[in-house]
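**Q** Got a structure for you, questions after.
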Amino acid sequence: MSSAVIQLLVLAGIAIFLILRLRNVLGTRDGFEKSPVAGDDKPRRTQQRPEFEVIEGGPDRDIVDHVEDGSDSAKALAAMKMAEPGFSVGEFLGGARQAYEMILTAFEHGDISEVRGFLHPEVADAFDQVIADREEKGLTVESQIVGVRDVELYRATYDRDTSEAEITVRFLAEVTTVVKNAEGEVIEGDPNEIRRQRDSWTFGRRMGVDDPNWQLIATGE
């Protein structure tokens with residue numbers, strides 16, 4: 001066999017090999033494929049935009065952040081806001097915390113003169129009686145509020161006929177309390193012991209009047 005024939009056979013084998021390789025590659029759908037272009041017979045799939053429902057209004061967060069939506073307390077608070085649009089539940093609770101600290105401190109120290117304006121006359125009389133009883137027995141109380149850890153709106157009511165609003169608040173405070181007798185001896189408590197104290201106070205006020213101050217009208221539930 002001549003060298004020319006051998007070269008032709010080699011070239012023919014290479015050509016057949018390349019044809020088979022191209023068929024194997026072009027005959028698969030692996031790898032990158034171009035997106036259909038305009039005019040293509042196949043329908044193009046378009047991406048659907050998400051649909052959003054626009055809700056106007058919604059619950060009053062100033063109310064539902066503190067009481068259950070739709071509850072009697074929530075309805076009472078909403079009525080208070082209608083009677084007095086400037087009323088804010090969050091601001092009320094902040095003021096209630098401050099009033100709690102001021103009134104409790106004054107009561108424990110035996111002098112409520114500076115906070116009497118924040119007390120309903122019946123509550124003030126009850127505090128006066130307790131303070132007088134201590135003095136008669138020669139007892140003194142040394143108390144300090146370490147911190148008010150929790151303020152919870154427990155219940156709210158509103159009388160539409162009289163515009164009278166009442167809100168009961170639960171407080172959780174950490175305090176130190178020491179009771180001493182006439183000789184100055186500690187008969188109760190420990191100045192180094194922090195104890196937790198829970199109180200439920202009810203504040204009342206007529207909505208829509210010029211006086212914005214709430215009064216403590218009851219202690220306990």
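Please note that chains go A, B, ... in the order of the structure tokens, that every chain numbers its residues from 1, and that ligands are numbered from 1 in the order shown.
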With a cut-off of 9 Å, could you pull out the residues of region 143-196 of chain A touching region 81-93 of chain A and give me the nearest pair of atoms for each, distance in Å to one decimal, using only C-alpha atoms, ordered by chain and ascending number, as JSON lines?
**A**
```
{"residue": "A:Val151", "atom": "CA", "partner": "A:Leu93", "partner_atom": "CA", "distance": 7.2}
{"residue": "A:Glu152", "atom": "CA", "partner": "A:Leu93", "partner_atom": "CA", "distance": 8.1}
{"residue": "A:Leu153", "atom": "CA", "partner": "A:Leu93", "partner_atom": "CA", "distance": 7.6}
{"residue": "A:Arg160", "atom": "CA", "partner": "A:Ala83", "partner_atom": "CA", "distance": 8.8}
{"residue": "A:Ser163", "atom": "CA", "partner": "A:Ala83", "partner_atom": "CA", "distance": 7.7}
{"residue": "A:Val169", "atom": "CA", "partner": "A:Leu93", "partner_atom": "CA", "distance": 8.1}
```
**Q** What would the file look like if the residues just selected were written as a PDB file, in the first residue's frame with C-alpha atoms?
**A**
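Okay, result.pdb is ready:
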```pdb
ATOM      1  CA  VAL A 151     -46.980  48.225  83.504  1.00  0.00           C
ATOM      2  CA  GLU A 152     -50.017  46.395  82.087  1.00  0.00           C
ATOM      3  CA  LEU A 153     -53.346  47.839  81.056  1.00  0.00           C
ATOM      4  CA  ARG A 160     -70.879  57.539  77.156  1.00  0.00           C
ATOM      5  CA  SER A 163     -68.023  60.708  79.732  1.00  0.00           C
ATOM      6  CA  VAL A 169     -53.374  49.253  85.494  1.00  0.00           C
TER       7      VAL A 169
END
```
**Q** I need the strand (DSSP E or B) residues of region 42-169 of chain A per DSSP on the backbone, written as a VMD selection string.
**A** chain A and resid 119 140 to 159 164 to 169
**Q** Skipping near chain neighbours, those fewer than 2 positions away, what residues fall within 7 Å of region 114-122 of chain A using only C-alpha atoms, listed as a PyMOL selection string?
**A** chain A and resi 103+112+124-126+214-217
**Q** What does the distance from CA of Ile63 (chain A) to CA of Arg170 (chain A) come to in Å, to one decimal?
**A** 16.5 Å
**Q** Could you state the separation of CA of Ala218 (chain A) and CA of Glu166 (chain A) in Å, given to one decimal place?
**A**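 Taking CA of Ala218 (chain A) and CA of Glu166 (chain A), their separation equals 10.0 Å.
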**Q** Skip Gln197 (chain A) itself and residues of its chain fewer than 2 positions away, then list as a ChimeraX atom specification all residues within 9 Å of it, counting only C-alpha atoms.
**A** /A:171-175,195,199
**Q** Closest to Gln98 (chain A) among A:Gly70, A:Asp210, A:Gly147, A:Val130, using only C-alpha atoms?
**A**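 Using only C-alpha atoms, the shortest distance to Gln98 (chain A) belongs to A:Gly147.
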**Q** At what distance in Å, to one decimal, does CA of Asp65 (chain A) lie from CA of Asp211 (chain A)?
**A** 26.4 Å
**Q** Using only C-alpha atoms, which protein or nucleic acid residues come within 9 Å of Thr157 (chain A)? Drop anything in the same chain fewer than 6 positions from it, and give the result as number ranges by chain.
**A** A: 72-73, 75-77, 164-168
**Q** Which residues, written as JSON, numbers by chain, have at least one atom at most 8 Å from region 132-145 of chain A, with only C-alpha atoms counted and residues fewer than 5 positions away on the same chain left out?
**A** {"A": [101, 105, 108, 109, 110, 173, 174, 175, 176, 177, 178, 179, 180, 181, 182]}
**Q** Just N, CA and C atoms for this one: save the residues we selected as an mmCIF file, in the first residue's frame.
**A**
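Okay, again_31.cif is ready:
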```cif
data_model
loop_
_atom_site.group_PDB
_atom_site.id
_atom_site.type_symbol
_atom_site.label_atom_id
_atom_site.label_comp_id
_atom_site.auth_asym_id
_atom_site.auth_seq_id
_atom_site.Cartn_x
_atom_site.Cartn_y
_atom_site.Cartn_z
ATOM 1 N N GLU A 101 -45.086 55.735 90.950
ATOM 2 C CA GLU A 101 -43.848 55.923 91.717
ATOM 3 C C GLU A 101 -43.985 57.080 92.699
ATOM 4 N N THR A 105 -44.269 56.360 96.774
ATOM 5 C CA THR A 105 -43.173 56.897 97.589
ATOM 6 C C THR A 105 -43.706 57.840 98.666
ATOM 7 N N GLU A 108 -45.525 55.781 101.425
ATOM 8 C CA GLU A 108 -44.614 55.049 102.297
ATOM 9 C C GLU A 108 -43.860 55.995 103.236
ATOM 10 N N HIS A 109 -43.576 57.212 102.773
ATOM 11 C CA HIS A 109 -42.870 58.183 103.611
ATOM 12 C C HIS A 109 -43.810 58.912 104.569
ATOM 13 N N GLY A 110 -45.109 58.667 104.440
ATOM 14 C CA GLY A 110 -46.062 59.236 105.397
ATOM 15 C C GLY A 110 -46.465 60.665 105.135
ATOM 16 N N ALA A 173 -43.410 46.108 90.648
ATOM 17 C CA ALA A 173 -42.278 46.940 91.073
ATOM 18 C C ALA A 173 -41.320 46.128 91.938
ATOM 19 N N GLU A 174 -40.085 46.541 91.935
ATOM 20 C CA GLU A 174 -39.077 45.980 92.832
ATOM 21 C C GLU A 174 -38.739 47.053 93.857
ATOM 22 N N VAL A 175 -38.921 46.732 95.136
ATOM 23 C CA VAL A 175 -38.773 47.726 96.198
ATOM 24 C C VAL A 175 -37.972 47.146 97.361
ATOM 25 N N THR A 176 -37.435 48.049 98.161
ATOM 26 C CA THR A 176 -36.858 47.689 99.458
ATOM 27 C C THR A 176 -37.675 48.426 100.518
ATOM 28 N N THR A 177 -38.084 47.704 101.567
ATOM 29 C CA THR A 177 -38.934 48.297 102.603
ATOM 30 C C THR A 177 -38.463 47.850 103.986
ATOM 31 N N VAL A 178 -38.380 48.835 104.877
ATOM 32 C CA VAL A 178 -38.005 48.558 106.267
ATOM 33 C C VAL A 178 -38.980 49.294 107.172
ATOM 34 N N VAL A 179 -39.526 48.590 108.172
ATOM 35 C CA VAL A 179 -40.421 49.193 109.163
ATOM 36 C C VAL A 179 -39.679 49.228 110.500
ATOM 37 N N LYS A 180 -39.651 50.427 111.096
ATOM 38 C CA LYS A 180 -38.959 50.604 112.375
ATOM 39 C C LYS A 180 -39.946 51.047 113.445
ATOM 40 N N ASN A 181 -39.673 50.659 114.682
ATOM 41 C CA ASN A 181 -40.519 51.086 115.797
ATOM 42 C C ASN A 181 -40.043 52.428 116.339
ATOM 43 N N ALA A 182 -40.651 52.868 117.431
ATOM 44 C CA ALA A 182 -40.329 54.181 117.996
ATOM 45 C C ALA A 182 -38.881 54.268 118.455
#
```
**Q** Name the residues of region 64-200 of chain A that fall into helix (DSSP H, G or I) according to DSSP on the backbone, using the chain letters and numbers of this document, as an NGL selection string.
**A** :A and (64 or 72-83 or 89-109 or 113-118 or 121-137)
